[in-house]
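Everything on this sheet refers to the single structure shown next.
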Amino acid sequence: MPGQRKQLSNSVAHSDTSGATHQTQKRHPKRQKKDADDLAARSLSLGRQDINTTGLPAFPDELLAEVPFQLPTVPLPTIEIILQDAKTHILRQKTLLALSQTCSNLRRFFRPYAWDRIEVVTSKGRASNRELLRQLEVVTVRDSSLAHLVNFDIESSIYLPFRIVNLNIRNYSVLPVVKELARCFDMFPNLHSVRLQISYNCNERSQGCRSEVNRVLCNRSYPQIRSAIVSESVYDFLACCPQIRTAHPTERHLQYKSSFLCALFKCSQLENLEIDIRMADYTDLPTRFPKLRSLALYFFTYPQDHSEIHEVTLQSLSNLKYLDNLVLRIGHFHTPQARASLIDLGKALLLDLQKLDGRKKTFELTGQEEAPRDWPSIEEVNITFPAIRLLSAVDL
């Protein structure tokens, strides 16, 4: 019996050895040695022996960089809060965080994408401010490298996107939250778009919290910001963004207030503007905003017999050398003659500018966005002037 067990064990050992030898002989010895050396080198660099050399973690950097773009995209913040976009952002962030926790190779790719956007709009009450502080702590304290995201780097083939901040700060401990937010803004060199809405309760407003918040938040400069949507309580924030291109209030009906326009006077790089012609000296627009590319003028408050104001207004815009898109919004009280006059003036303005730059121009005439139902409808006009080729001295 013992002799039979010994013979059986010898036969099994012989079969295992021969099987292993057979598998080893399937691959070229040099290739096998190279793979082993590569695996050993990676193990030594990472300080451990277990490495996943197959599957998603082993994908080349070029393929891994494409993965975030296959997930649902979240658009830039808008004036109104869109809950569907907020839910999409939460789902996208959870997916990227799950991938980043798989291994160190995936972490370096997907973790920056998971934190390219600081957004708190769905929480209520104290939970909203607590969630904001938690996210700011992640990108500035737990992993401060996330606060310094960079643009596309061709050499490393890693795309780190711009940072977007979309916040709705509730009326609970507003001042401490804003102080932390201002500190973090200074740490975001690639902060691109901001939507900031701050709510106050009666007690905090009576204690001067609002003025203190403006002092903390607006006593700085944020040249990296290009787009901003702010509530009425922080209009002064716009004056701290000298390189801003687009600005809107969070409340549509407040975009006609002169305080909003006055906050933009320091933003000489502004490219998009919506304005009621009552708000300021419209003849001063080319001086205040020489880089305007899109302009929407509102004529709701002027009666039909103010056609001379319309003409002077549009003629004064001839100095806007970069203007490509002109939108005129009129009221129901405009007569057909006044309406036709506005169309002719708008078309003439854009055609004169096109003779200088040859770029494509668009003109639109429409009514008020949220007009009462009993108002007569206004027929919209949309005209596109295709780009033209300017004659040079050689052609002449």
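Residues are named by chain letter and number: chains run A, B, ... in the order of the structure tokens, numbers start at 1 in each chain, and ligands are numbered from 1 in the order shown.
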
Self-check item: Test item: residues at most 8 Å from stretch 81-86 of chain A, only C-alpha atoms, excluding those fewer than 6 positions along its chain, as a PyMOL selection string
Solution: chain A and resi 74-75+119+121-122

Grab the residues selected above and save them as a PDB file, in the first residue's frame with N, CA and C atoms.
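Contents of the output file selection33.pdb:
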```pdb
ATOM      1  N   VAL A  74     -22.369  67.052 -18.786  1.00  0.00           N
ATOM      2  CA  VAL A  74     -23.184  68.007 -18.044  1.00  0.00           C
ATOM      3  C   VAL A  74     -22.912  69.391 -18.607  1.00  0.00           C
ATOM      4  N   PRO A  75     -23.924  70.108 -19.090  1.00  0.00           N
ATOM      5  CA  PRO A  75     -23.676  71.432 -19.677  1.00  0.00           C
ATOM      6  C   PRO A  75     -23.259  72.451 -18.631  1.00  0.00           C
ATOM      7  N   GLU A 119     -20.469  71.298  -7.360  1.00  0.00           N
ATOM      8  CA  GLU A 119     -21.877  71.636  -7.563  1.00  0.00           C
ATOM      9  C   GLU A 119     -22.699  71.208  -6.363  1.00  0.00           C
ATOM     10  N   VAL A 121     -26.653  72.060  -5.554  1.00  0.00           N
ATOM     11  CA  VAL A 121     -27.897  72.767  -5.887  1.00  0.00           C
ATOM     12  C   VAL A 121     -29.138  72.016  -5.436  1.00  0.00           C
ATOM     13  N   THR A 122     -29.020  70.736  -5.161  1.00  0.00           N
ATOM     14  CA  THR A 122     -30.199  69.939  -4.837  1.00  0.00           C
ATOM     15  C   THR A 122     -30.426  69.801  -3.333  1.00  0.00           C
TER      16      THR A 122
END
```

Self-check item: Near-A:Ile383 list (8 Å; only C-alpha atoms; drop same-chain fewer than 2 positions) as a ChimeraX atom specification
Solution: /A:362-364,381,385

Practice problem: Determine, counting only C-alpha atoms, which protein, DNA and RNA residues have an atom within 8 Å of an atom of A:Tyr113; residues of the same chain fewer than 2 positions away are not included. Present the result as a ChimeraX atom specification. | Solution: /A:68,93,96,109-111,115-116,160-161

Please dump the current selection as a PDB file, in the first residue's frame; keep N, CA, C and O atoms.
```pdb
ATOM      1  N   PRO A  68     -13.778  59.036 -19.993  1.00  0.00           N
ATOM      2  CA  PRO A  68     -14.688  60.060 -19.454  1.00  0.00           C
ATOM      3  C   PRO A  68     -15.588  60.694 -20.491  1.00  0.00           C
ATOM      4  O   PRO A  68     -16.700  61.138 -20.164  1.00  0.00           O
ATOM      5  N   GLN A  93     -20.248  61.639 -11.503  1.00  0.00           N
ATOM      6  CA  GLN A  93     -19.207  61.696 -10.483  1.00  0.00           C
ATOM      7  C   GLN A  93     -19.068  60.363  -9.756  1.00  0.00           C
ATOM      8  O   GLN A  93     -17.952  59.896  -9.500  1.00  0.00           O
ATOM      9  N   LEU A  96     -17.168  57.905 -12.036  1.00  0.00           N
ATOM     10  CA  LEU A  96     -15.739  58.193 -12.135  1.00  0.00           C
ATOM     11  C   LEU A  96     -15.022  57.878 -10.826  1.00  0.00           C
ATOM     12  O   LEU A  96     -13.885  57.391 -10.835  1.00  0.00           O
ATOM     13  N   PHE A 109      -6.179  58.834 -13.698  1.00  0.00           N
ATOM     14  CA  PHE A 109      -6.934  59.330 -14.838  1.00  0.00           C
ATOM     15  C   PHE A 109      -8.298  59.878 -14.434  1.00  0.00           C
ATOM     16  O   PHE A 109      -8.686  60.976 -14.843  1.00  0.00           O
ATOM     17  N   PHE A 110      -9.051  59.134 -13.653  1.00  0.00           N
ATOM     18  CA  PHE A 110     -10.465  59.429 -13.466  1.00  0.00           C
ATOM     19  C   PHE A 110     -10.762  60.310 -12.263  1.00  0.00           C
ATOM     20  O   PHE A 110     -11.806  60.963 -12.229  1.00  0.00           O
ATOM     21  N   ARG A 111      -9.880  60.335 -11.272  1.00  0.00           N
ATOM     22  CA  ARG A 111     -10.157  61.170 -10.116  1.00  0.00           C
ATOM     23  C   ARG A 111     -10.211  62.667 -10.466  1.00  0.00           C
ATOM     24  O   ARG A 111     -11.110  63.374 -10.000  1.00  0.00           O
ATOM     25  N   TRP A 115     -13.752  65.414 -10.063  1.00  0.00           N
ATOM     26  CA  TRP A 115     -13.793  66.649  -9.284  1.00  0.00           C
ATOM     27  C   TRP A 115     -13.548  67.873 -10.144  1.00  0.00           C
ATOM     28  O   TRP A 115     -13.031  68.881  -9.667  1.00  0.00           O
ATOM     29  N   ASP A 116     -13.923  67.815 -11.427  1.00  0.00           N
ATOM     30  CA  ASP A 116     -13.767  68.988 -12.274  1.00  0.00           C
ATOM     31  C   ASP A 116     -14.911  69.977 -12.084  1.00  0.00           C
ATOM     32  O   ASP A 116     -14.930  71.046 -12.694  1.00  0.00           O
ATOM     33  N   LEU A 160      -7.083  67.320 -18.428  1.00  0.00           N
ATOM     34  CA  LEU A 160      -7.662  67.710 -17.155  1.00  0.00           C
ATOM     35  C   LEU A 160      -8.539  68.929 -17.397  1.00  0.00           C
ATOM     36  O   LEU A 160      -8.037  69.992 -17.759  1.00  0.00           O
ATOM     37  N   PRO A 161      -9.851  68.840 -17.234  1.00  0.00           N
ATOM     38  CA  PRO A 161     -10.765  69.883 -17.691  1.00  0.00           C
ATOM     39  C   PRO A 161     -10.771  71.107 -16.790  1.00  0.00           C
ATOM     40  O   PRO A 161     -10.218  71.111 -15.700  1.00  0.00           O
TER      41      PRO A 161
END
```

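Going from atom CA of A:Val138 over to atom CA of A:Asn166, you cover 16.1 Å.
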
Exercise. Identify, on the basis of only C-alpha atoms, every residue whose closest approach to stretch 215-230 of chain A does not exceed 8 Å; exclude the query and any residue fewer than 2 positions from it along the same chain; express the result as a PyMOL selection string.
Key: chain A and resi 78-79+178-179+182+185-186+189-197+211-213+232+234-250

I need the chosen residues saved as a CSV table (one decimal), in the first residue's frame, with N, CA, C and O atoms.
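Result written to part38.csv:
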```csv
chain,number,residue,atom,x,y,z
A,78,THR,N,-26.8,77.2,-16.0
A,78,THR,CA,-27.7,78.1,-16.6
A,78,THR,C,-28.4,79.0,-15.6
A,78,THR,O,-28.2,78.8,-14.4
A,79,ILE,N,-29.2,79.9,-16.0
A,79,ILE,CA,-29.8,80.9,-15.1
A,79,ILE,C,-30.7,80.1,-14.2
A,79,ILE,O,-30.7,80.3,-13.0
A,178,VAL,N,-18.9,81.5,3.0
A,178,VAL,CA,-18.4,82.3,2.0
A,178,VAL,C,-16.9,82.6,2.2
A,178,VAL,O,-16.1,82.7,1.3
A,179,LYS,N,-16.4,82.7,3.5
A,179,LYS,CA,-15.0,82.9,3.7
A,179,LYS,C,-14.2,81.7,3.2
A,179,LYS,O,-13.1,81.8,2.6
A,182,ALA,N,-14.2,81.8,-0.6
A,182,ALA,CA,-13.2,82.8,-1.2
A,182,ALA,C,-11.8,82.3,-1.1
A,182,ALA,O,-11.0,82.5,-2.0
A,185,PHE,N,-11.4,79.8,-3.9
A,185,PHE,CA,-11.3,80.5,-5.3
A,185,PHE,C,-9.9,80.9,-5.6
A,185,PHE,O,-9.5,80.8,-6.8
A,186,ASP,N,-9.2,81.3,-4.6
A,186,ASP,CA,-7.8,81.7,-4.9
A,186,ASP,C,-6.9,80.5,-5.2
A,186,ASP,O,-5.8,80.6,-5.8
A,189,PRO,N,-6.8,78.0,-10.1
A,189,PRO,CA,-6.3,78.8,-11.2
A,189,PRO,C,-7.0,78.6,-12.5
A,189,PRO,O,-7.0,79.5,-13.4
A,190,ASN,N,-7.7,77.5,-12.7
A,190,ASN,CA,-8.5,77.3,-13.9
A,190,ASN,C,-10.0,77.3,-13.7
A,190,ASN,O,-10.7,76.7,-14.4
A,191,LEU,N,-10.4,78.1,-12.7
A,191,LEU,CA,-11.8,78.3,-12.5
A,191,LEU,C,-12.4,79.0,-13.7
A,191,LEU,O,-12.0,80.1,-14.0
A,192,HIS,N,-13.4,78.4,-14.4
A,192,HIS,CA,-13.8,78.9,-15.6
A,192,HIS,C,-15.2,79.5,-15.5
A,192,HIS,O,-15.5,80.6,-16.0
A,193,SER,N,-16.2,78.8,-15.0
A,193,SER,CA,-17.6,79.2,-14.9
A,193,SER,C,-18.1,79.1,-13.5
A,193,SER,O,-17.8,78.1,-12.8
A,194,VAL,N,-18.8,80.1,-13.1
A,194,VAL,CA,-19.3,80.2,-11.7
A,194,VAL,C,-20.8,80.6,-11.7
A,194,VAL,O,-21.2,81.5,-12.5
A,195,ARG,N,-21.6,79.8,-11.0
A,195,ARG,CA,-23.0,80.2,-10.7
A,195,ARG,C,-23.1,80.3,-9.2
A,195,ARG,O,-23.0,79.3,-8.5
A,196,LEU,N,-23.4,81.5,-8.7
A,196,LEU,CA,-23.4,81.7,-7.3
A,196,LEU,C,-24.6,82.4,-6.9
A,196,LEU,O,-24.9,83.5,-7.3
A,197,GLN,N,-25.4,81.7,-6.0
A,197,GLN,CA,-26.7,82.2,-5.5
A,197,GLN,C,-26.6,82.1,-4.0
A,197,GLN,O,-26.5,81.0,-3.5
A,211,SER,N,-23.3,92.8,3.9
A,211,SER,CA,-22.2,93.7,3.6
A,211,SER,C,-20.9,93.0,3.9
A,211,SER,O,-19.9,93.2,3.2
A,212,GLU,N,-20.9,92.2,4.9
A,212,GLU,CA,-19.7,91.5,5.3
A,212,GLU,C,-19.3,90.4,4.3
A,212,GLU,O,-18.1,90.2,3.9
A,213,VAL,N,-20.3,89.7,3.7
A,213,VAL,CA,-20.1,88.8,2.7
A,213,VAL,C,-19.5,89.4,1.5
A,213,VAL,O,-18.6,88.9,0.8
A,232,GLU,N,-28.6,88.7,-6.9
A,232,GLU,CA,-28.6,90.2,-6.7
A,232,GLU,C,-27.7,90.6,-5.5
A,232,GLU,O,-27.1,91.6,-5.5
A,234,VAL,N,-24.9,89.5,-4.7
A,234,VAL,CA,-23.4,89.5,-4.9
A,234,VAL,C,-23.1,90.0,-6.3
A,234,VAL,O,-22.2,89.5,-7.0
A,235,TYR,N,-23.8,91.0,-6.8
A,235,TYR,CA,-23.5,91.7,-8.0
A,235,TYR,C,-22.1,92.2,-8.1
A,235,TYR,O,-21.4,92.2,-9.1
A,236,ASP,N,-21.6,92.7,-6.9
A,236,ASP,CA,-20.2,93.2,-6.9
A,236,ASP,C,-19.2,92.2,-7.2
A,236,ASP,O,-18.0,92.5,-7.5
A,237,PHE,N,-19.5,90.9,-7.2
A,237,PHE,CA,-18.6,89.9,-7.5
A,237,PHE,C,-18.2,90.0,-9.0
A,237,PHE,O,-17.0,89.7,-9.3
A,238,LEU,N,-19.1,90.5,-9.8
A,238,LEU,CA,-18.7,90.6,-11.3
A,238,LEU,C,-17.6,91.6,-11.5
A,238,LEU,O,-16.8,91.5,-12.4
A,239,ALA,N,-17.6,92.7,-10.7
A,239,ALA,CA,-16.5,93.7,-10.8
A,239,ALA,C,-15.1,93.1,-10.4
A,239,ALA,O,-14.1,93.7,-10.8
A,240,CYS,N,-15.1,92.0,-9.8
A,240,CYS,CA,-13.8,91.3,-9.4
A,240,CYS,C,-13.4,90.3,-10.5
A,240,CYS,O,-12.3,89.6,-10.3
A,241,CYS,N,-14.1,90.3,-11.6
A,241,CYS,CA,-13.7,89.3,-12.7
A,241,CYS,C,-13.4,90.1,-14.0
A,241,CYS,O,-14.3,90.2,-14.9
A,242,PRO,N,-12.3,90.7,-14.1
A,242,PRO,CA,-12.0,91.6,-15.2
A,242,PRO,C,-12.0,90.9,-16.6
A,242,PRO,O,-12.1,91.6,-17.6
A,243,GLN,N,-11.8,89.6,-16.6
A,243,GLN,CA,-11.7,88.9,-17.9
A,243,GLN,C,-13.0,88.1,-18.2
A,243,GLN,O,-13.0,87.3,-19.1
A,244,ILE,N,-14.1,88.5,-17.6
A,244,ILE,CA,-15.3,87.8,-17.8
A,244,ILE,C,-15.8,88.0,-19.2
A,244,ILE,O,-15.7,89.1,-19.7
A,245,ARG,N,-16.4,87.0,-19.8
A,245,ARG,CA,-17.0,87.1,-21.2
A,245,ARG,C,-18.5,87.1,-21.2
A,245,ARG,O,-19.1,87.8,-22.1
A,246,THR,N,-19.1,86.4,-20.3
A,246,THR,CA,-20.6,86.3,-20.2
A,246,THR,C,-21.0,86.5,-18.8
A,246,THR,O,-20.4,85.9,-17.9
A,247,ALA,N,-22.1,87.2,-18.5
A,247,ALA,CA,-22.6,87.5,-17.2
A,247,ALA,C,-24.1,87.6,-17.2
A,247,ALA,O,-24.7,88.2,-18.1
A,248,HIS,N,-24.8,86.9,-16.2
A,248,HIS,CA,-26.2,87.0,-16.1
A,248,HIS,C,-26.6,87.0,-14.6
A,248,HIS,O,-25.9,86.4,-13.8
A,249,PRO,N,-27.8,87.6,-14.3
A,249,PRO,CA,-28.3,87.4,-12.9
A,249,PRO,C,-29.1,86.1,-12.8
A,249,PRO,O,-29.6,85.6,-13.8
A,250,THR,N,-29.2,85.6,-11.6
A,250,THR,CA,-30.0,84.4,-11.4
A,250,THR,C,-31.5,84.6,-11.6
A,250,THR,O,-32.2,83.7,-11.8
```

Exercise. Select from stretch 92-277 of chain A everything DSSP, run on the backbone, classes as strand (DSSP E), then give the selection as JSON, numbers by chain.
Key: {"A": [117, 118, 119, 120, 163, 164, 165, 166, 167, 168, 169, 191, 192, 193, 194, 195, 196, 197, 198, 227, 228, 229, 230, 246, 247, 248, 249, 272, 273, 274, 275, 276]}

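Between atom CA of A:Ser316 and atom CA of A:His332 the separation is 24.7 Å.
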
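Computed from the coordinates, the atom CA of A:Ala338 to atom CA of A:Leu365 distance equals 12.0 Å.
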
Could you give me, as JSON lines, every stretch 311-334 of chain A residue with an atom at most 10 Å from stretch 292-295 of chain A, plus its closest atom pair and distance in Å to one decimal, counting only C-alpha atoms, rows ordered by chain then number?
```
{"residue": "A:Leu317", "atom": "CA", "partner": "A:Leu295", "partner_atom": "CA", "distance": 9.9}
{"residue": "A:Leu320", "atom": "CA", "partner": "A:Leu292", "partner_atom": "CA", "distance": 6.7}
{"residue": "A:Lys321", "atom": "CA", "partner": "A:Leu292", "partner_atom": "CA", "distance": 8.2}
{"residue": "A:Tyr322", "atom": "CA", "partner": "A:Arg293", "partner_atom": "CA", "distance": 5.3}
{"residue": "A:Leu323", "atom": "CA", "partner": "A:Arg293", "partner_atom": "CA", "distance": 4.1}
{"residue": "A:Asp324", "atom": "CA", "partner": "A:Arg293", "partner_atom": "CA", "distance": 5.2}
{"residue": "A:Asn325", "atom": "CA", "partner": "A:Ser294", "partner_atom": "CA", "distance": 4.6}
{"residue": "A:Leu326", "atom": "CA", "partner": "A:Leu295", "partner_atom": "CA", "distance": 5.2}
{"residue": "A:Val327", "atom": "CA", "partner": "A:Leu295", "partner_atom": "CA", "distance": 6.2}
{"residue": "A:Leu328", "atom": "CA", "partner": "A:Leu295", "partner_atom": "CA", "distance": 8.5}
```

Restricting it to N, CA, C and O atoms, dump the selection as a PDB file, in the first residue's frame.
```pdb
ATOM      1  N   LEU A 317     -24.116 102.009 -32.184  1.00  0.00           N
ATOM      2  CA  LEU A 317     -23.457 100.714 -32.057  1.00  0.00           C
ATOM      3  C   LEU A 317     -22.504 100.423 -33.210  1.00  0.00           C
ATOM      4  O   LEU A 317     -21.889  99.361 -33.249  1.00  0.00           O
ATOM      5  N   LEU A 320     -18.965  99.122 -32.499  1.00  0.00           N
ATOM      6  CA  LEU A 320     -18.702  97.776 -31.957  1.00  0.00           C
ATOM      7  C   LEU A 320     -18.129  96.919 -33.084  1.00  0.00           C
ATOM      8  O   LEU A 320     -18.848  96.220 -33.803  1.00  0.00           O
ATOM      9  N   LYS A 321     -16.834  96.933 -33.232  1.00  0.00           N
ATOM     10  CA  LYS A 321     -16.174  96.317 -34.382  1.00  0.00           C
ATOM     11  C   LYS A 321     -16.263  94.794 -34.390  1.00  0.00           C
ATOM     12  O   LYS A 321     -16.045  94.176 -35.429  1.00  0.00           O
ATOM     13  N   TYR A 322     -16.563  94.173 -33.234  1.00  0.00           N
ATOM     14  CA  TYR A 322     -16.594  92.712 -33.170  1.00  0.00           C
ATOM     15  C   TYR A 322     -18.022  92.163 -33.130  1.00  0.00           C
ATOM     16  O   TYR A 322     -18.204  90.955 -32.965  1.00  0.00           O
ATOM     17  N   LEU A 323     -19.012  92.994 -33.267  1.00  0.00           N
ATOM     18  CA  LEU A 323     -20.401  92.562 -33.132  1.00  0.00           C
ATOM     19  C   LEU A 323     -20.793  91.620 -34.274  1.00  0.00           C
ATOM     20  O   LEU A 323     -20.656  91.963 -35.444  1.00  0.00           O
ATOM     21  N   ASP A 324     -21.274  90.432 -33.916  1.00  0.00           N
ATOM     22  CA  ASP A 324     -21.699  89.437 -34.910  1.00  0.00           C
ATOM     23  C   ASP A 324     -23.168  89.064 -34.778  1.00  0.00           C
ATOM     24  O   ASP A 324     -23.762  88.587 -35.747  1.00  0.00           O
ATOM     25  N   ASN A 325     -23.737  89.243 -33.595  1.00  0.00           N
ATOM     26  CA  ASN A 325     -25.113  88.807 -33.360  1.00  0.00           C
ATOM     27  C   ASN A 325     -25.887  89.929 -32.672  1.00  0.00           C
ATOM     28  O   ASN A 325     -25.471  90.415 -31.613  1.00  0.00           O
ATOM     29  N   LEU A 326     -27.004  90.332 -33.263  1.00  0.00           N
ATOM     30  CA  LEU A 326     -27.832  91.411 -32.718  1.00  0.00           C
ATOM     31  C   LEU A 326     -29.255  90.900 -32.550  1.00  0.00           C
ATOM     32  O   LEU A 326     -29.863  90.379 -33.486  1.00  0.00           O
ATOM     33  N   VAL A 327     -29.778  91.045 -31.328  1.00  0.00           N
ATOM     34  CA  VAL A 327     -31.143  90.627 -30.996  1.00  0.00           C
ATOM     35  C   VAL A 327     -31.901  91.836 -30.481  1.00  0.00           C
ATOM     36  O   VAL A 327     -31.434  92.523 -29.558  1.00  0.00           O
ATOM     37  N   LEU A 328     -33.056  92.104 -31.062  1.00  0.00           N
ATOM     38  CA  LEU A 328     -33.929  93.196 -30.621  1.00  0.00           C
ATOM     39  C   LEU A 328     -35.232  92.600 -30.105  1.00  0.00           C
ATOM     40  O   LEU A 328     -35.902  91.857 -30.830  1.00  0.00           O
TER      41      LEU A 328
END
```
